[in-house]
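> One file is attached below, input17.cif, containing mmCIF, C-alpha atoms.
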```cif
data_protein
#
loop_
_atom_site.label_atom_id
_atom_site.label_comp_id
_atom_site.auth_asym_id
_atom_site.auth_seq_id
_atom_site.Cartn_x
_atom_site.Cartn_y
_atom_site.Cartn_z
CA MET A 1 -46.44 -21.38 51.91
CA SER A 2 -43.09 -22.91 52.84
CA PRO A 3 -39.89 -20.88 52.31
CA ALA A 4 -38.73 -23.27 49.59
CA ARG A 5 -42.00 -23.00 47.71
CA ALA A 6 -42.03 -19.21 48.09
CA SER A 7 -38.50 -19.05 46.71
CA ALA A 8 -39.45 -21.23 43.74
CA SER A 9 -42.46 -19.03 43.07
CA ALA A 10 -40.29 -15.92 43.16
CA ARG A 11 -37.82 -17.44 40.71
CA ALA A 12 -40.64 -18.43 38.35
CA ALA A 13 -42.06 -14.89 38.48
CA VAL A 14 -38.66 -13.43 37.67
CA ARG A 15 -38.24 -15.80 34.72
CA ARG A 16 -41.66 -14.84 33.34
CA ALA A 17 -40.88 -11.14 33.70
CA ARG A 18 -37.52 -11.62 32.00
CA ARG A 19 -39.12 -13.47 29.08
CA ARG A 20 -41.66 -10.67 28.64
CA THR A 21 -38.90 -8.10 28.71
CA VAL A 22 -36.91 -9.99 26.07
CA TRP A 23 -39.96 -10.26 23.82
CA TRP A 24 -40.68 -6.54 24.12
CA CYS A 25 -37.03 -5.83 23.36
CA VAL A 26 -37.19 -8.00 20.23
CA LEU A 27 -40.44 -6.33 19.17
CA ALA A 28 -38.90 -2.85 19.50
CA ALA A 29 -35.84 -3.97 17.55
CA VAL A 30 -37.99 -5.46 14.77
CA ALA A 31 -40.06 -2.27 14.59
CA PHE A 32 -36.85 -0.23 14.32
CA ALA A 33 -35.64 -2.51 11.54
CA ALA A 34 -38.96 -2.07 9.72
CA VAL A 35 -38.75 1.73 9.85
CA SER A 36 -35.12 1.57 8.75
CA GLY A 37 -36.11 -0.65 5.84
CA ALA A 38 -38.81 1.79 4.75
CA VAL A 39 -36.32 4.67 4.85
CA LEU A 40 -33.72 2.72 2.88
CA ALA A 41 -36.35 1.68 0.34
CA ALA A 42 -37.15 5.36 -0.19
CA GLY A 43 -33.49 6.10 -0.86
CA GLY A 44 -33.19 8.05 2.37
CA GLY A 45 -35.82 10.56 1.31
CA GLN A 46 -39.27 11.38 2.65
CA ILE A 47 -41.93 8.75 3.18
CA VAL A 48 -45.63 9.45 3.66
CA PRO A 49 -45.63 10.20 7.43
CA ASP A 50 -42.62 12.49 7.04
CA THR A 51 -44.30 14.67 4.44
CA ALA A 52 -47.53 15.20 6.37
CA VAL A 53 -45.95 15.77 9.78
CA ARG A 54 -43.29 18.12 8.43
CA ARG A 55 -45.84 20.22 6.56
CA TRP A 56 -47.95 20.60 9.71
CA ALA A 57 -44.93 21.47 11.88
CA LEU A 58 -43.66 24.13 9.48
CA ASP A 59 -47.10 25.74 9.40
CA ASN A 60 -47.38 25.92 13.20
CA ARG A 61 -44.23 27.48 14.64
CA PRO A 62 -45.08 30.53 16.79
CA SER A 63 -42.03 32.27 18.18
CA GLN A 64 -42.90 31.52 21.82
CA LEU A 65 -43.15 27.80 21.10
CA VAL A 66 -39.90 27.84 19.16
CA THR A 67 -38.12 29.43 22.14
CA VAL A 68 -39.37 26.71 24.47
CA LEU A 69 -38.53 23.92 22.04
CA ARG A 70 -35.00 25.25 21.53
CA ALA A 71 -34.45 25.20 25.28
CA VAL A 72 -35.81 21.66 25.64
CA THR A 73 -34.01 20.26 22.61
CA ALA A 74 -30.68 21.44 24.01
CA THR A 75 -31.13 19.03 26.95
CA GLY A 76 -31.29 16.04 24.62
CA THR A 77 -27.54 15.89 24.09
CA GLY A 78 -24.31 16.69 25.90
CA VAL A 79 -24.03 16.41 29.65
CA VAL A 80 -27.73 16.33 30.62
CA PRO A 81 -28.55 12.77 29.45
CA TYR A 82 -25.43 11.45 31.17
CA LEU A 83 -26.39 13.19 34.41
CA VAL A 84 -29.81 11.53 34.10
CA ALA A 85 -28.14 8.14 33.55
CA LEU A 86 -25.83 8.65 36.54
CA GLY A 87 -28.84 9.61 38.64
CA ALA A 88 -30.63 6.45 37.51
CA GLY A 89 -27.74 4.34 38.75
CA LEU A 90 -27.67 6.13 42.10
CA ILE A 91 -31.41 5.66 42.57
CA ALA A 92 -31.31 1.96 41.68
CA ALA A 93 -28.18 1.14 43.72
CA PRO A 94 -29.93 0.14 47.00
CA THR A 95 -32.06 -2.41 45.11
CA LEU A 96 -29.13 -4.25 43.50
CA PRO A 97 -27.95 -7.34 45.42
CA LEU A 98 -24.70 -7.48 43.43
CA VAL A 99 -23.38 -4.37 45.22
CA ARG A 100 -25.32 -4.53 48.48
CA GLU A 101 -22.35 -5.78 50.53
CA ARG A 102 -19.88 -3.30 49.07
CA PRO A 103 -18.68 -0.14 50.87
CA PRO A 104 -21.17 2.74 50.44
CA ALA A 105 -19.04 4.67 47.95
CA VAL A 106 -18.60 1.61 45.73
CA ARG A 107 -22.23 0.50 46.19
CA PHE A 108 -23.46 3.73 44.61
CA ALA A 109 -20.60 4.50 42.23
CA LEU A 110 -20.69 1.19 40.36
CA PRO A 111 -24.39 1.32 39.34
CA ALA A 112 -24.07 5.00 38.41
CA LEU A 113 -21.05 4.37 36.20
CA ALA A 114 -22.62 1.23 34.70
CA SER A 115 -25.74 3.20 33.79
CA ALA A 116 -23.70 5.96 32.14
CA ALA A 117 -21.60 3.36 30.33
CA TRP A 118 -24.73 1.65 28.98
CA LEU A 119 -25.87 5.01 27.63
CA ALA A 120 -22.47 5.54 26.03
CA LEU A 121 -22.59 2.09 24.40
CA GLY A 122 -26.03 2.94 23.07
CA GLN A 123 -24.56 6.07 21.55
CA VAL A 124 -21.90 4.00 19.80
CA LEU A 125 -24.63 1.76 18.37
CA ARG A 126 -26.70 4.74 17.28
CA PHE A 127 -23.73 6.42 15.62
CA GLY A 128 -22.88 3.25 13.72
CA LEU A 129 -26.44 2.87 12.46
CA MET A 130 -26.63 6.55 11.56
CA THR A 131 -23.43 6.33 9.53
CA ALA A 132 -24.48 3.11 7.79
CA ILE A 133 -27.94 4.41 6.80
CA ALA A 134 -26.64 7.91 5.94
CA ARG A 135 -30.01 9.60 5.54
CA PRO A 136 -29.86 13.29 4.56
CA ARG A 137 -31.54 15.84 6.80
CA PRO A 138 -34.52 17.96 5.74
CA PRO A 139 -33.74 21.13 3.74
CA ALA A 140 -31.53 23.45 5.80
CA GLN A 141 -33.55 26.58 4.99
CA ASP A 142 -36.24 25.38 7.40
CA TRP A 143 -33.92 24.73 10.35
CA LEU A 144 -34.49 26.74 13.52
CA THR A 145 -31.61 25.19 15.48
CA HIS A 146 -28.16 23.79 14.83
CA ALA A 147 -27.77 20.27 13.46
CA SER A 148 -24.94 18.17 12.03
CA ARG A 149 -24.17 14.76 10.53
CA TRP A 150 -26.77 12.36 9.20
CA SER A 151 -30.43 12.33 10.16
CA PHE A 152 -31.49 8.75 11.00
CA PRO A 153 -32.07 7.93 13.79
CA SER A 154 -32.33 11.27 15.59
CA GLY A 155 -29.40 11.62 17.99
CA HIS A 156 -31.12 13.94 20.47
CA THR A 157 -34.20 11.72 20.49
CA THR A 158 -32.29 8.49 20.97
CA THR A 159 -29.99 9.87 23.65
CA SER A 160 -32.71 11.48 25.74
CA ALA A 161 -34.99 8.43 25.41
CA MET A 162 -32.22 6.04 26.47
CA ALA A 163 -31.42 8.18 29.50
CA ALA A 164 -35.11 8.52 30.33
CA GLY A 165 -35.61 4.77 30.01
CA LEU A 166 -32.77 4.05 32.42
CA LEU A 167 -34.29 6.49 34.91
CA LEU A 168 -37.69 4.83 34.53
CA LEU A 169 -36.15 1.44 35.31
CA ALA A 170 -34.51 2.86 38.41
CA LEU A 171 -37.70 4.54 39.62
CA LEU A 172 -39.68 1.33 39.12
CA ALA A 173 -37.06 -0.66 41.02
CA ARG A 174 -36.76 1.75 43.95
CA ARG A 175 -40.25 3.36 43.95
CA PRO A 176 -39.35 6.43 46.00
CA ALA A 177 -41.89 9.01 47.15
CA ALA A 178 -43.88 10.49 44.23
CA TYR A 179 -42.15 8.14 41.82
CA ARG A 180 -45.15 8.15 39.45
CA LEU A 181 -44.87 11.93 39.14
CA TRP A 182 -41.16 11.66 38.36
CA MET A 183 -41.83 8.93 35.82
CA GLY A 184 -44.42 11.10 34.11
CA LEU A 185 -42.06 14.08 33.96
CA THR A 186 -39.32 11.85 32.59
CA VAL A 187 -41.53 10.54 29.79
CA VAL A 188 -42.72 14.07 28.93
CA TRP A 189 -39.14 15.32 28.76
CA ALA A 190 -38.00 12.59 26.37
CA ALA A 191 -41.15 12.97 24.25
CA VAL A 192 -40.79 16.75 23.92
CA VAL A 193 -37.13 16.44 22.98
CA GLY A 194 -38.10 14.10 20.15
CA VAL A 195 -41.01 16.22 18.95
CA SER A 196 -38.85 19.35 19.06
CA ARG A 197 -36.47 17.92 16.48
CA VAL A 198 -39.22 17.74 13.89
CA TRP A 199 -40.79 21.05 14.87
CA LEU A 200 -37.46 22.84 14.61
CA GLY A 201 -37.00 21.43 11.12
CA VAL A 202 -33.83 19.37 11.62
CA HIS A 203 -35.32 15.86 11.46
CA TRP A 204 -37.96 13.83 9.69
CA ALA A 205 -40.71 12.30 11.82
CA THR A 206 -39.41 8.79 11.14
CA ASP A 207 -35.99 9.81 12.47
CA VAL A 208 -37.65 10.52 15.80
CA LEU A 209 -39.80 7.37 15.72
CA ALA A 210 -36.71 5.28 15.01
CA GLY A 211 -34.87 6.96 17.87
CA TRP A 212 -37.63 6.05 20.30
CA LEU A 213 -37.73 2.45 19.07
CA LEU A 214 -33.96 2.03 19.24
CA ALA A 215 -33.90 3.51 22.74
CA ALA A 216 -36.74 1.21 23.84
CA ALA A 217 -34.88 -1.86 22.58
CA TRP A 218 -31.65 -0.77 24.26
CA VAL A 219 -33.25 -0.02 27.63
CA LEU A 220 -35.24 -3.26 27.57
CA ALA A 221 -32.02 -5.13 26.83
CA ALA A 222 -30.56 -3.53 29.96
CA ALA A 223 -33.63 -4.59 31.94
CA ALA A 224 -33.33 -8.17 30.70
CA ILE A 225 -29.63 -8.34 31.59
CA LEU A 226 -30.29 -6.83 35.01
CA ALA A 227 -33.09 -9.32 35.66
CA ARG A 228 -30.72 -12.13 34.71
CA VAL A 229 -27.84 -11.12 36.93
CA THR A 230 -30.02 -10.24 39.92
CA ALA A 231 -32.31 -13.30 39.70
CA PRO A 232 -32.93 -15.23 42.94
CA PRO A 233 -30.57 -18.19 43.33
CA SER A 234 -31.76 -21.64 42.31
CA GLY A 235 -30.98 -25.05 43.65
CA PRO A 236 -30.75 -26.43 47.20
CA ARG A 237 -29.40 -23.19 48.65
CA ALA A 238 -32.34 -21.08 47.47
CA GLY A 239 -34.32 -21.75 50.63
#
```
Show the structure stored in the file as structure tokens.


Amino acid sequence: MSPARASASARAAVRRARRRTVWWCVLAAVAFAAVSGAVLAAGGGQIVPDTAVRRWALDNRPSQLVTVLRAVTATGTGVVPYLVALGAGLIAAPTLPLVRERPPAVRFALPALASAAWLALGQVLRFGLMTAIARPRPPAQDWLTHASRWSFPSGHTTTSAMAAGLLLLALLARRPAAYRLWMGLTVVWAAVVGVSRVWLGVHWATDVLAGWLLAAAWVLAAAAILARVTAPPSGPRAG
């Protein structure tokens, strides 16, 4: 295959991947909107999945499990997700043509800061949605950890899932040694943080589901933007 044809094929593959990413982003956003609509229709109270899952969680809370879940849930907010986002930017930096010709310090600092900034913007979006929907939390007598503000979507769930998603993108782009293992551990961490919020009594199940969907849409939006700005050049110079 000639260099020009290979370049055209690469550009077409990137466009197809970007379209798929955009569609998955839209699907996640629509699913989030559907869950939000169901919650609003119920006046912010319980809906069927919330009742069943909460009842099961409250009936199965051995002290050893609660200790573990408290430790894991604490990593879903504060500095840990931002460290994960910074790490994602550092891992992805060598794969980004936009910064490849920069000095080493800048080449790694810019992607790291951009990743953390994207997480922070996601937090602003989540906080705005949480305030607008204003869903009350489950009854406080069942809480086994501290919680504040409104319930939907779950802050710990959304934050950890956004950070995990950014790290997954970086691992897929760089594919370092044992990257599949690290991806699996990343997914497990974000999943357990979300589950812990229900098990510890501070969130409804749909709060957690909405957090995962919102995080998925936000991370996929980042992937689509990244695919756009790092796409192979087109036109006569592409060869």

> Between A:Leu125, A:Leu209, A:Ala223, A:Ala132, which one has atoms that come closest to A:Asp50, using only C-alpha atoms?

A:Leu209

> Just say which residues the PyMOL selection byres ((chain A and resi 172) around 12) picks in this file, as a PDB file with C-alpha atoms, in the frame of the given file.


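Dumped everything to out_16.pdb:
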```pdb
ATOM      1  CA  ALA A  88     -30.630   6.450  37.510  1.00  0.00           C
ATOM      2  CA  ILE A  91     -31.410   5.660  42.570  1.00  0.00           C
ATOM      3  CA  ALA A  92     -31.310   1.960  41.680  1.00  0.00           C
ATOM      4  CA  THR A  95     -32.060  -2.410  45.110  1.00  0.00           C
ATOM      5  CA  GLY A 165     -35.610   4.770  30.010  1.00  0.00           C
ATOM      6  CA  LEU A 166     -32.770   4.050  32.420  1.00  0.00           C
ATOM      7  CA  LEU A 167     -34.290   6.490  34.910  1.00  0.00           C
ATOM      8  CA  LEU A 168     -37.690   4.830  34.530  1.00  0.00           C
ATOM      9  CA  LEU A 169     -36.150   1.440  35.310  1.00  0.00           C
ATOM     10  CA  ALA A 170     -34.510   2.860  38.410  1.00  0.00           C
ATOM     11  CA  LEU A 171     -37.700   4.540  39.620  1.00  0.00           C
ATOM     12  CA  ALA A 173     -37.060  -0.660  41.020  1.00  0.00           C
ATOM     13  CA  ARG A 174     -36.760   1.750  43.950  1.00  0.00           C
ATOM     14  CA  ARG A 175     -40.250   3.360  43.950  1.00  0.00           C
ATOM     15  CA  PRO A 176     -39.350   6.430  46.000  1.00  0.00           C
ATOM     16  CA  ALA A 177     -41.890   9.010  47.150  1.00  0.00           C
ATOM     17  CA  ALA A 178     -43.880  10.490  44.230  1.00  0.00           C
ATOM     18  CA  TYR A 179     -42.150   8.140  41.820  1.00  0.00           C
ATOM     19  CA  ARG A 180     -45.150   8.150  39.450  1.00  0.00           C
ATOM     20  CA  LEU A 181     -44.870  11.930  39.140  1.00  0.00           C
ATOM     21  CA  TRP A 182     -41.160  11.660  38.360  1.00  0.00           C
ATOM     22  CA  MET A 183     -41.830   8.930  35.820  1.00  0.00           C
ATOM     23  CA  GLY A 184     -44.420  11.100  34.110  1.00  0.00           C
ATOM     24  CA  ALA A 223     -33.630  -4.590  31.940  1.00  0.00           C
TER      25      ALA A 223
END
```

> Hey, can you check how far atom CA of A:Ala215 sits from atom CA of A:Pro94?

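Between these atoms lies a distance of 24.8 Å.
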
> Counting all atoms listed in the file, which of A:Val26, A:Leu69, A:Val124, A:Ala164 gets nearest to A:Leu83?

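Looking at the shortest contact to A:Leu83, the residue is A:Ala164.
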
> Would you mind telling me which residue in A:Thr21, A:Thr77, A:Asn60, A:Thr206 lies nearest to A:Pro138 when using only C-alpha atoms?

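So, comparing all the options, the nearest one is A:Thr206.
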
> Looking at all atoms listed in the file, which of A:Leu58, A:Ala210, A:Ala114, A:Met162 is the one that sits closest to A:Pro139?

A:Leu58

> Could you work out how far atom CA of A:Tyr82 lies from atom CA of A:Ala120, giving the answer in Å with one decimal?

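Computing it gives 8.4 Å between the two atoms.
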
> Could you tell me which residues the PyMOL selection byres ((chain A and resi 192-204) around 7) returns for this structure, as a PDB file with C-alpha atoms, in the frame of the given file?


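Result saved to part_31.pdb:
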```pdb
ATOM      1  CA  ASP A  50     -42.620  12.490   7.040  1.00  0.00           C
ATOM      2  CA  ARG A  54     -43.290  18.120   8.430  1.00  0.00           C
ATOM      3  CA  ALA A  57     -44.930  21.470  11.880  1.00  0.00           C
ATOM      4  CA  LEU A  58     -43.660  24.130   9.480  1.00  0.00           C
ATOM      5  CA  LEU A  69     -38.530  23.920  22.040  1.00  0.00           C
ATOM      6  CA  VAL A  72     -35.810  21.660  25.640  1.00  0.00           C
ATOM      7  CA  THR A  73     -34.010  20.260  22.610  1.00  0.00           C
ATOM      8  CA  GLY A  76     -31.290  16.040  24.620  1.00  0.00           C
ATOM      9  CA  ARG A 137     -31.540  15.840   6.800  1.00  0.00           C
ATOM     10  CA  PRO A 138     -34.520  17.960   5.740  1.00  0.00           C
ATOM     11  CA  ASP A 142     -36.240  25.380   7.400  1.00  0.00           C
ATOM     12  CA  TRP A 143     -33.920  24.730  10.350  1.00  0.00           C
ATOM     13  CA  LEU A 144     -34.490  26.740  13.520  1.00  0.00           C
ATOM     14  CA  THR A 145     -31.610  25.190  15.480  1.00  0.00           C
ATOM     15  CA  ALA A 147     -27.770  20.270  13.460  1.00  0.00           C
ATOM     16  CA  SER A 151     -30.430  12.330  10.160  1.00  0.00           C
ATOM     17  CA  SER A 154     -32.330  11.270  15.590  1.00  0.00           C
ATOM     18  CA  HIS A 156     -31.120  13.940  20.470  1.00  0.00           C
ATOM     19  CA  THR A 157     -34.200  11.720  20.490  1.00  0.00           C
ATOM     20  CA  VAL A 188     -42.720  14.070  28.930  1.00  0.00           C
ATOM     21  CA  TRP A 189     -39.140  15.320  28.760  1.00  0.00           C
ATOM     22  CA  ALA A 190     -38.000  12.590  26.370  1.00  0.00           C
ATOM     23  CA  ALA A 191     -41.150  12.970  24.250  1.00  0.00           C
ATOM     24  CA  ALA A 205     -40.710  12.300  11.820  1.00  0.00           C
ATOM     25  CA  THR A 206     -39.410   8.790  11.140  1.00  0.00           C
ATOM     26  CA  ASP A 207     -35.990   9.810  12.470  1.00  0.00           C
ATOM     27  CA  VAL A 208     -37.650  10.520  15.800  1.00  0.00           C
TER      28      VAL A 208
END
```
